[in-house]
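The structure appears right after this line, and notes come after that.
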Amino acid sequence: MDWREELRNNITTVDKLKEYIPLTTQEEADLRKVTDIHPMNIPRYYLSLVDPQERLDPIRKQCIPDAQELIVAGAMGETTGDPYGDDKHDKGNGVLHKYDYSALVVTSEYCAMYCRHCFRKRMVGLSNDRTVKNFQNAANYIANHREITNVIMSGGDPFMLPTKVLKKMLNCLRDIGHLNYVRIGSRVPVTYPIRLFDDELVRFLEEFNKEKALFVPTHFNHPREITPVSKEAVWRLRSAGITVNNQAVLLRGVNDKVETLVDLMNGLLRIGVNPYYLYQCMPVARVRHHFQVPLRQGVDIVDKARQHFDGYAKRFKFIIGHDIGKLEICGRVGNVLVLKQLHARSGHNEEASRLLVRLLTETGGWFDDLPEIVSF
Ligand code: SF4
């Protein structure tokens, strides 16, 4: 089956969705309102993982719009369209350069699926001026900044580009000597594994990987997303010598249970994917209210899950991807949350590696919600 052909069968309208999932009149009306604001795009493969009779199904929550998306902010607090501060680090032509050593290139605004919890919701599936227009110019920026040791091709999903376009882009990066490695951030192993059944693509990635190390950070959130088909897609990357790392997000109603996290991390290891990050859900408009887990609750879930993990399963870091940089949530001592900053923005290198402490509250879901501790 051709991956482009199958993409045309994606479920993008409420009328089409009704053929697969029973909807009440109210749900149907709500869905029409939500999809006017943020489009729906669900591959048939991913929809087949949804239990159509279960309104609270964790797979459903990630792909089918919900009336709660009409709430811009809500019970969890203020929201923003750009929680990670991407806009401040936009160097033009698709390049975001936040940390000295990493450059991110927005290669596409399209994804195989539009995840309802996406932190780039303001861009994905919508036309925007962030996407790279001329990749050679983006590569020139990277070549001229010798402090950059790695590039993240992101979006949207780079694997949604035609293979020949992706080849051209990667070839522009191949000869930049100061790049140690390239990452292709993609959720297709989870949402649209058929894309990786393209032999031409996998052969090219294998050849590229011999010259410049390639990593694929992907995004499994729930153990039911690990299927024979996703396993095969991951295997195709691994057999090309590519390391696949997972960046999950802690999401209410999806994976906010100890046993779900345990099954997820162990399931990933079984298919050769490294648990790498577990992100705290960002305060994104139309996402935070119904997806974010309060930090106090989240840290306990993660700590309890860690008690069940072997050494490889517990290698992942629980992370706040903040405007000031990446903060690892180390744990809590009573009401005190202990964090360690892992990365700092350009020009703030003295902040990297510092320890931070904040007072946990019952409902605080984001670093800025937690009061500073004056003396400790
Ligand atoms: S695949 Fe990633 S970028 Fe695309 S909608 Fe899902 S979370 Fe967002």
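Convention: chains lettered A, B, ... in structure tokens order; per-chain residue numbering from 1; ligands numbered from 1 as shown.
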
Using DSSP assignments from the backbone, pull out every residue in stretch 253-296 of chain A that falls under alpha helix (DSSP H) and give it to me as a short mmCIF file (atom, residue, chain, number, x, y, z; two decimals) with N, CA, C and O atoms, in the first residue's frame.
data_model
loop_
_atom_site.label_atom_id
_atom_site.label_comp_id
_atom_site.auth_asym_id
_atom_site.auth_seq_id
_atom_site.Cartn_x
_atom_site.Cartn_y
_atom_site.Cartn_z
N VAL A 258 0.05 4.80 37.45
CA VAL A 258 1.34 4.13 37.64
C VAL A 258 1.46 2.94 36.68
O VAL A 258 2.45 2.79 35.95
N GLU A 259 0.41 2.11 36.65
CA GLU A 259 0.53 0.88 35.84
C GLU A 259 0.62 1.19 34.35
O GLU A 259 1.28 0.46 33.60
N THR A 260 -0.01 2.28 33.91
CA THR A 260 0.08 2.64 32.48
C THR A 260 1.51 3.05 32.14
O THR A 260 2.06 2.64 31.11
N LEU A 261 2.11 3.85 33.00
CA LEU A 261 3.49 4.28 32.73
C LEU A 261 4.45 3.08 32.76
O LEU A 261 5.37 2.99 31.95
N VAL A 262 4.21 2.17 33.70
CA VAL A 262 5.07 0.99 33.80
C VAL A 262 4.95 0.18 32.50
O VAL A 262 5.96 -0.21 31.89
N ASP A 263 3.71 -0.04 32.05
CA ASP A 263 3.52 -0.83 30.82
C ASP A 263 4.10 -0.10 29.61
O ASP A 263 4.64 -0.73 28.70
N LEU A 264 3.98 1.22 29.60
CA LEU A 264 4.51 1.99 28.47
C LEU A 264 6.03 1.85 28.39
O LEU A 264 6.58 1.48 27.35
N MET A 265 6.72 2.16 29.48
CA MET A 265 8.19 2.15 29.44
C MET A 265 8.72 0.73 29.17
O MET A 265 9.66 0.55 28.38
N ASN A 266 8.12 -0.26 29.80
CA ASN A 266 8.58 -1.64 29.56
C ASN A 266 8.26 -2.08 28.13
O ASN A 266 9.07 -2.76 27.49
N GLY A 267 7.08 -1.68 27.65
CA GLY A 267 6.70 -2.02 26.27
C GLY A 267 7.65 -1.40 25.26
O GLY A 267 8.01 -2.02 24.25
N LEU A 268 8.08 -0.18 25.53
CA LEU A 268 9.03 0.48 24.62
C LEU A 268 10.35 -0.28 24.56
O LEU A 268 10.91 -0.51 23.49
N LEU A 269 10.81 -0.68 25.73
CA LEU A 269 12.09 -1.42 25.75
C LEU A 269 11.97 -2.73 24.98
O LEU A 269 12.92 -3.15 24.31
N ARG A 270 10.80 -3.34 25.06
CA ARG A 270 10.60 -4.62 24.36
C ARG A 270 10.73 -4.45 22.84
O ARG A 270 11.10 -5.39 22.15
N ARG A 288 -4.26 22.70 28.05
CA ARG A 288 -3.90 22.59 29.47
C ARG A 288 -5.05 22.13 30.35
O ARG A 288 -4.90 21.26 31.20
N HIS A 289 -6.20 22.76 30.14
CA HIS A 289 -7.35 22.55 31.02
C HIS A 289 -7.70 21.07 31.19
O HIS A 289 -7.98 20.61 32.30
N HIS A 290 -7.66 20.31 30.11
CA HIS A 290 -8.13 18.93 30.21
C HIS A 290 -7.02 17.88 30.07
O HIS A 290 -7.31 16.70 30.17
N PHE A 291 -5.78 18.32 29.85
CA PHE A 291 -4.72 17.33 29.71
C PHE A 291 -3.67 17.40 30.83
O PHE A 291 -3.00 16.41 31.10
N LEU A 295 1.39 19.05 39.25
CA LEU A 295 2.76 18.54 39.46
C LEU A 295 2.86 17.64 40.68
O LEU A 295 3.57 16.64 40.67
N ARG A 296 2.15 18.02 41.74
CA ARG A 296 2.23 17.21 42.97
C ARG A 296 1.77 15.77 42.71
O ARG A 296 2.40 14.81 43.13
#

Shell around A:Asp36 at 12 Å using only C-alpha atoms, local window under 2 positions removed, as an MDAnalysis selection string: chainID A and resid 12:14 29:34 38:40 65 67 69:70 125:126

Contacts of chain A with ligand 1 up to 7 Å, shortest pair per row, only C-alpha atoms and all ligand atoms, as a tab-separated table:
residue	atom	partner	partner_atom_place_in_ligand_line	distance
A:Cys111	CA	ligand 1	4 (Fe)	4.7
A:Ala112	CA	ligand 1	1 (S)	6.8
A:Met113	CA	ligand 1	5 (S)	5.9
A:Tyr114	CA	ligand 1	5 (S)	3.9
A:Cys115	CA	ligand 1	6 (Fe)	4.1
A:His117	CA	ligand 1	7 (S)	6.6
A:Cys118	CA	ligand 1	8 (Fe)	4.0
A:Phe119	CA	ligand 1	8 (Fe)	6.3
A:Arg120	CA	ligand 1	8 (Fe)	5.8
A:Lys121	CA	ligand 1	8 (Fe)	6.5
A:Val124	CA	ligand 1	5 (S)	6.0
A:Gly155	CA	ligand 1	3 (S)	5.8
A:Gly156	CA	ligand 1	3 (S)	4.5
A:Asp157	CA	ligand 1	4 (Fe)	5.9
A:Ser186	CA	ligand 1	1 (S)	6.4
A:Arg187	CA	ligand 1	1 (S)	4.7

Please write the residues from the selection above to a file, keeping all heavy atoms, as a short mmCIF file (atom, residue, chain, number, x, y, z; two decimals), in the first residue's frame.
data_model
loop_
_atom_site.label_atom_id
_atom_site.label_comp_id
_atom_site.auth_asym_id
_atom_site.auth_seq_id
_atom_site.Cartn_x
_atom_site.Cartn_y
_atom_site.Cartn_z
N CYS A 111 1.20 16.95 9.83
CA CYS A 111 1.49 15.70 10.54
C CYS A 111 0.49 14.65 10.06
O CYS A 111 -0.61 14.99 9.62
CB CYS A 111 1.29 15.86 12.05
SG CYS A 111 2.46 16.99 12.78
N ALA A 112 0.87 13.38 10.20
CA ALA A 112 -0.04 12.31 9.80
C ALA A 112 -1.32 12.39 10.62
O ALA A 112 -2.41 12.05 10.16
CB ALA A 112 0.62 10.95 9.98
N MET A 113 -1.15 12.84 11.90
CA MET A 113 -2.32 13.01 12.77
C MET A 113 -2.15 14.33 13.52
O MET A 113 -1.02 14.70 13.84
CB MET A 113 -2.38 11.85 13.77
CG MET A 113 -3.57 11.92 14.70
SD MET A 113 -3.72 10.39 15.64
CE MET A 113 -2.95 10.90 17.18
N TYR A 114 -3.24 15.01 13.78
CA TYR A 114 -3.16 16.22 14.60
C TYR A 114 -3.56 15.83 16.02
O TYR A 114 -4.74 15.68 16.34
CB TYR A 114 -4.07 17.33 14.05
CG TYR A 114 -3.66 17.77 12.67
CD1 TYR A 114 -4.58 18.30 11.77
CD2 TYR A 114 -2.34 17.66 12.24
CE1 TYR A 114 -4.21 18.69 10.50
CE2 TYR A 114 -1.95 18.05 10.97
CZ TYR A 114 -2.89 18.55 10.11
OH TYR A 114 -2.51 18.93 8.85
N CYS A 115 -2.53 15.65 16.86
CA CYS A 115 -2.76 15.21 18.24
C CYS A 115 -3.44 16.33 19.00
O CYS A 115 -3.05 17.50 18.89
CB CYS A 115 -1.43 14.87 18.90
SG CYS A 115 -0.43 13.76 17.89
N HIS A 117 -3.30 17.09 22.01
CA HIS A 117 -2.49 17.68 23.09
C HIS A 117 -1.26 18.39 22.56
O HIS A 117 -0.40 18.78 23.35
CB HIS A 117 -2.05 16.57 24.05
CG HIS A 117 -1.28 15.49 23.36
ND1 HIS A 117 -1.90 14.44 22.73
CD2 HIS A 117 0.05 15.32 23.18
CE1 HIS A 117 -0.97 13.64 22.18
NE2 HIS A 117 0.22 14.16 22.45
N CYS A 118 -1.16 18.58 21.26
CA CYS A 118 0.09 19.09 20.65
C CYS A 118 0.50 20.44 21.23
O CYS A 118 -0.32 21.36 21.31
CB CYS A 118 -0.10 19.23 19.15
SG CYS A 118 1.38 19.84 18.33
N PHE A 119 1.77 20.59 21.60
CA PHE A 119 2.19 21.88 22.17
C PHE A 119 2.50 22.90 21.07
O PHE A 119 2.65 24.08 21.34
CB PHE A 119 3.37 21.70 23.14
CG PHE A 119 4.74 21.70 22.51
CD1 PHE A 119 5.51 22.86 22.45
CD2 PHE A 119 5.28 20.53 22.01
CE1 PHE A 119 6.77 22.86 21.89
CE2 PHE A 119 6.54 20.52 21.43
CZ PHE A 119 7.29 21.68 21.37
N ARG A 120 2.56 22.43 19.82
CA ARG A 120 2.71 23.38 18.71
C ARG A 120 1.37 23.53 17.97
O ARG A 120 1.31 23.70 16.77
CB ARG A 120 3.80 22.92 17.75
CG ARG A 120 5.19 23.00 18.32
CD ARG A 120 6.23 23.44 17.28
NE ARG A 120 7.49 23.73 17.91
CZ ARG A 120 8.50 22.86 18.01
NH1 ARG A 120 8.39 21.67 17.50
NH2 ARG A 120 9.63 23.20 18.61
N LYS A 121 0.31 23.47 18.75
CA LYS A 121 -1.04 23.47 18.18
C LYS A 121 -1.31 24.73 17.34
O LYS A 121 -2.12 24.72 16.43
CB LYS A 121 -2.04 23.40 19.35
CG LYS A 121 -3.35 22.79 19.00
CD LYS A 121 -4.08 22.34 20.24
CE LYS A 121 -5.41 21.75 19.83
NZ LYS A 121 -5.97 20.86 20.83
N VAL A 124 0.59 23.58 13.87
CA VAL A 124 0.39 22.31 13.17
C VAL A 124 -0.97 22.28 12.47
O VAL A 124 -1.99 22.60 13.06
CB VAL A 124 0.53 21.13 14.16
CG1 VAL A 124 0.05 19.84 13.54
CG2 VAL A 124 1.98 21.00 14.59
N GLY A 155 8.67 19.89 13.18
CA GLY A 155 7.53 20.47 12.45
C GLY A 155 6.40 20.72 13.40
O GLY A 155 6.62 21.26 14.48
N GLY A 156 5.33 20.16 12.94
CA GLY A 156 4.98 19.16 11.96
C GLY A 156 5.91 17.93 11.98
O GLY A 156 6.69 17.76 12.87
N ASP A 157 5.69 17.07 11.01
CA ASP A 157 6.43 15.82 10.97
C ASP A 157 7.25 15.73 9.69
O ASP A 157 6.69 15.67 8.59
CB ASP A 157 5.43 14.66 11.05
CG ASP A 157 6.11 13.37 11.44
OD1 ASP A 157 7.20 13.08 10.90
OD2 ASP A 157 5.57 12.64 12.29
N SER A 186 9.60 12.62 14.99
CA SER A 186 8.46 12.11 14.22
C SER A 186 7.55 11.24 15.09
O SER A 186 8.01 10.41 15.88
CB SER A 186 8.96 11.27 13.05
OG SER A 186 7.88 10.62 12.43
N ARG A 187 6.24 11.39 14.86
CA ARG A 187 5.31 10.49 15.53
C ARG A 187 4.77 9.42 14.57
O ARG A 187 3.86 8.69 14.93
CB ARG A 187 4.15 11.31 16.14
CG ARG A 187 3.59 10.62 17.37
CD ARG A 187 2.49 11.30 18.13
NE ARG A 187 2.15 10.41 19.25
CZ ARG A 187 0.99 10.31 19.84
NH1 ARG A 187 0.00 11.11 19.48
NH2 ARG A 187 0.79 9.46 20.82
#

At a cut-off of 8 Å, can you tabulate as CSV every residue of stretch 244-290 of chain A near stretch 73-87 of chain A together with its closest atom pair and the distance in Å to one decimal, using only C-alpha atoms and ordering rows by chain then number?
residue,atom,partner,partner_atom,distance
A:Met282,CA,A:Pro83,CA,6.4
A:Pro283,CA,A:Thr79,CA,4.9
A:Val284,CA,A:Thr79,CA,5.2
A:Ala285,CA,A:Thr79,CA,4.8
A:Arg286,CA,A:Ala73,CA,6.5
A:Arg288,CA,A:Met76,CA,6.6
A:His289,CA,A:Gly74,CA,5.1

Would you tabulate, counting only C-alpha atoms, all residues of stretch 192-309 of chain A that have an atom at most 12 Å from an atom of stretch 354-363 of chain A, showing the closest pair of atoms and their distance in Å to one decimal, sorted by chain then ascending number, as a tab-separated table?
residue	atom	partner	partner_atom	distance
A:His289	CA	A:Thr363	CA	11.5
A:Gln292	CA	A:Thr363	CA	10.1
A:Val293	CA	A:Thr363	CA	8.5
A:Pro294	CA	A:Thr363	CA	5.2
A:Leu295	CA	A:Leu360	CA	7.4
A:Arg296	CA	A:Leu360	CA	6.2
A:Gln297	CA	A:Glu362	CA	8.1
A:Gly298	CA	A:Thr363	CA	10.7
A:Val299	CA	A:Leu360	CA	10.3
A:Asp300	CA	A:Leu360	CA	11.8

Residue neighbourhood stretch 218-234 of chain A, 9 Å, only C-alpha atoms, exclusion window fewer than 6 positions, as a ChimeraX atom specification: /A:46,49,58-59,184-197,244-251,254-255,260-268,271-273

Set the distance at 8 Å and use only C-alpha atoms: which residues neighbour stretch 134-146 of chain A once local chain neighbours fewer than 5 positions away are removed? I'd like the list as a PDB file with N, CA and C atoms, in the first residue's frame.
ATOM      1  N   ASN A  93      13.332  31.721   8.341  1.00  0.00           N
ATOM      2  CA  ASN A  93      13.475  30.583   7.425  1.00  0.00           C
ATOM      3  C   ASN A  93      13.408  29.221   8.128  1.00  0.00           C
ATOM      4  N   GLY A  94      12.549  29.124   9.116  1.00  0.00           N
ATOM      5  CA  GLY A  94      12.299  27.821   9.748  1.00  0.00           C
ATOM      6  C   GLY A  94      13.263  27.440  10.846  1.00  0.00           C
ATOM      7  N   VAL A  95      14.281  28.279  11.126  1.00  0.00           N
ATOM      8  CA  VAL A  95      15.293  27.892  12.129  1.00  0.00           C
ATOM      9  C   VAL A  95      14.943  28.486  13.490  1.00  0.00           C
ATOM     10  N   ALA A 103      20.057  23.365  16.908  1.00  0.00           N
ATOM     11  CA  ALA A 103      19.158  24.178  16.074  1.00  0.00           C
ATOM     12  C   ALA A 103      18.000  23.286  15.649  1.00  0.00           C
ATOM     13  N   VAL A 105      14.837  22.862  12.983  1.00  0.00           N
ATOM     14  CA  VAL A 105      14.296  23.370  11.717  1.00  0.00           C
ATOM     15  C   VAL A 105      12.853  22.879  11.568  1.00  0.00           C
ATOM     16  N   MET A 169      16.996  17.710   1.865  1.00  0.00           N
ATOM     17  CA  MET A 169      17.249  18.431   3.115  1.00  0.00           C
ATOM     18  C   MET A 169      18.413  17.793   3.873  1.00  0.00           C
ATOM     19  N   CYS A 172      21.826  18.430   2.557  1.00  0.00           N
ATOM     20  CA  CYS A 172      22.372  19.761   2.869  1.00  0.00           C
ATOM     21  C   CYS A 172      23.115  19.741   4.211  1.00  0.00           C
ATOM     22  N   LEU A 173      22.751  18.801   5.088  1.00  0.00           N
ATOM     23  CA  LEU A 173      23.362  18.774   6.428  1.00  0.00           C
ATOM     24  C   LEU A 173      24.558  17.831   6.502  1.00  0.00           C
ATOM     25  N   ILE A 176      28.211  19.218   6.869  1.00  0.00           N
ATOM     26  CA  ILE A 176      28.540  20.254   7.865  1.00  0.00           C
ATOM     27  C   ILE A 176      29.350  19.578   8.972  1.00  0.00           C
ATOM     28  N   HIS A 178      30.839  20.364  11.740  1.00  0.00           N
ATOM     29  CA  HIS A 178      30.679  20.536  13.191  1.00  0.00           C
ATOM     30  C   HIS A 178      29.379  19.932  13.735  1.00  0.00           C
TER      31      HIS A 178
END

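Going from atom CA of A:Asp51 to atom CA of A:Lys18 covers 13.8 Å.
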
Residue neighbourhood stretch 311-321 of chain A, 8 Å, only C-alpha atoms, exclusion window fewer than 2 positions, as a ChimeraX atom specification: /A:84,265-266,269,274-282,302,306,309,323,325-330,366-367

Selection from above, C-alpha atoms, as a PDB file, in the first residue's frame, can you write it?
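Result saved to selection10.pdb:
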ATOM      1  CA  TYR A  84       8.368  26.875  25.002  1.00  0.00           C
ATOM      2  CA  MET A 265       8.195   2.148  29.435  1.00  0.00           C
ATOM      3  CA  ASN A 266       8.577  -1.636  29.565  1.00  0.00           C
ATOM      4  CA  LEU A 269      12.089  -1.421  25.748  1.00  0.00           C
ATOM      5  CA  ASN A 274      14.699   4.007  24.664  1.00  0.00           C
ATOM      6  CA  PRO A 275      12.479   5.821  27.169  1.00  0.00           C
ATOM      7  CA  TYR A 276      14.105   9.264  27.056  1.00  0.00           C
ATOM      8  CA  TYR A 277      11.820  12.058  28.257  1.00  0.00           C
ATOM      9  CA  LEU A 278       8.445  12.238  29.955  1.00  0.00           C
ATOM     10  CA  TYR A 279       7.269  15.822  29.534  1.00  0.00           C
ATOM     11  CA  GLN A 280       4.986  17.680  31.868  1.00  0.00           C
ATOM     12  CA  CYS A 281       2.096  18.881  29.672  1.00  0.00           C
ATOM     13  CA  MET A 282       2.715  22.531  28.792  1.00  0.00           C
ATOM     14  CA  VAL A 302       6.282   8.990  38.237  1.00  0.00           C
ATOM     15  CA  ARG A 306      10.077   4.213  38.921  1.00  0.00           C
ATOM     16  CA  PHE A 309      11.551  -0.182  36.605  1.00  0.00           C
ATOM     17  CA  ASP A 323      10.889  29.035  28.243  1.00  0.00           C
ATOM     18  CA  GLY A 325      15.298  25.911  29.369  1.00  0.00           C
ATOM     19  CA  LYS A 326      14.755  22.251  30.174  1.00  0.00           C
ATOM     20  CA  LEU A 327      14.152  21.469  33.836  1.00  0.00           C
ATOM     21  CA  GLU A 328      14.353  17.935  35.160  1.00  0.00           C
ATOM     22  CA  ILE A 329      11.863  17.175  37.920  1.00  0.00           C
ATOM     23  CA  CYS A 330      14.026  15.196  40.348  1.00  0.00           C
ATOM     24  CA  TRP A 366       3.599  24.451  35.810  1.00  0.00           C
ATOM     25  CA  PHE A 367       6.880  25.786  37.185  1.00  0.00           C
TER      26      PHE A 367
END

All strand (DSSP E or B) positions in stretch 95-281 of chain A, as an MDAnalysis selection string: chainID A and resid 95:99 102:106 150:154 181:184 213:218 243:250 274:280

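Of the listed residues A:Asn150, A:Ser108, A:Thr24, A:Asn171, the one whose atoms come nearest to A:Gln53 is A:Thr24, with distances taken using only C-alpha atoms.
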
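Ranking A:Arg345, A:Arg60, A:Lys340, A:Arg203 by their shortest atom-to-atom distance to A:Leu237, with only C-alpha atoms included, puts A:Arg203 first.
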
Best match for closeness to A:Asp66 among A:Ser48, A:Ser154, A:Gln26, A:Asn335, counting only C-alpha atoms: A:Gln26

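Atom CA of A:Ile242 is positioned 9.7 Å from atom CA of A:Lys210.
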
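Closest to A:His89 among A:Ser353, A:Arg174, A:Ile324, A:Glu207 is A:Ile324, based on only C-alpha atoms.
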
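From atom CA of A:Ile64 back to atom CA of A:Asn41, the distance works out to 8.7 Å.
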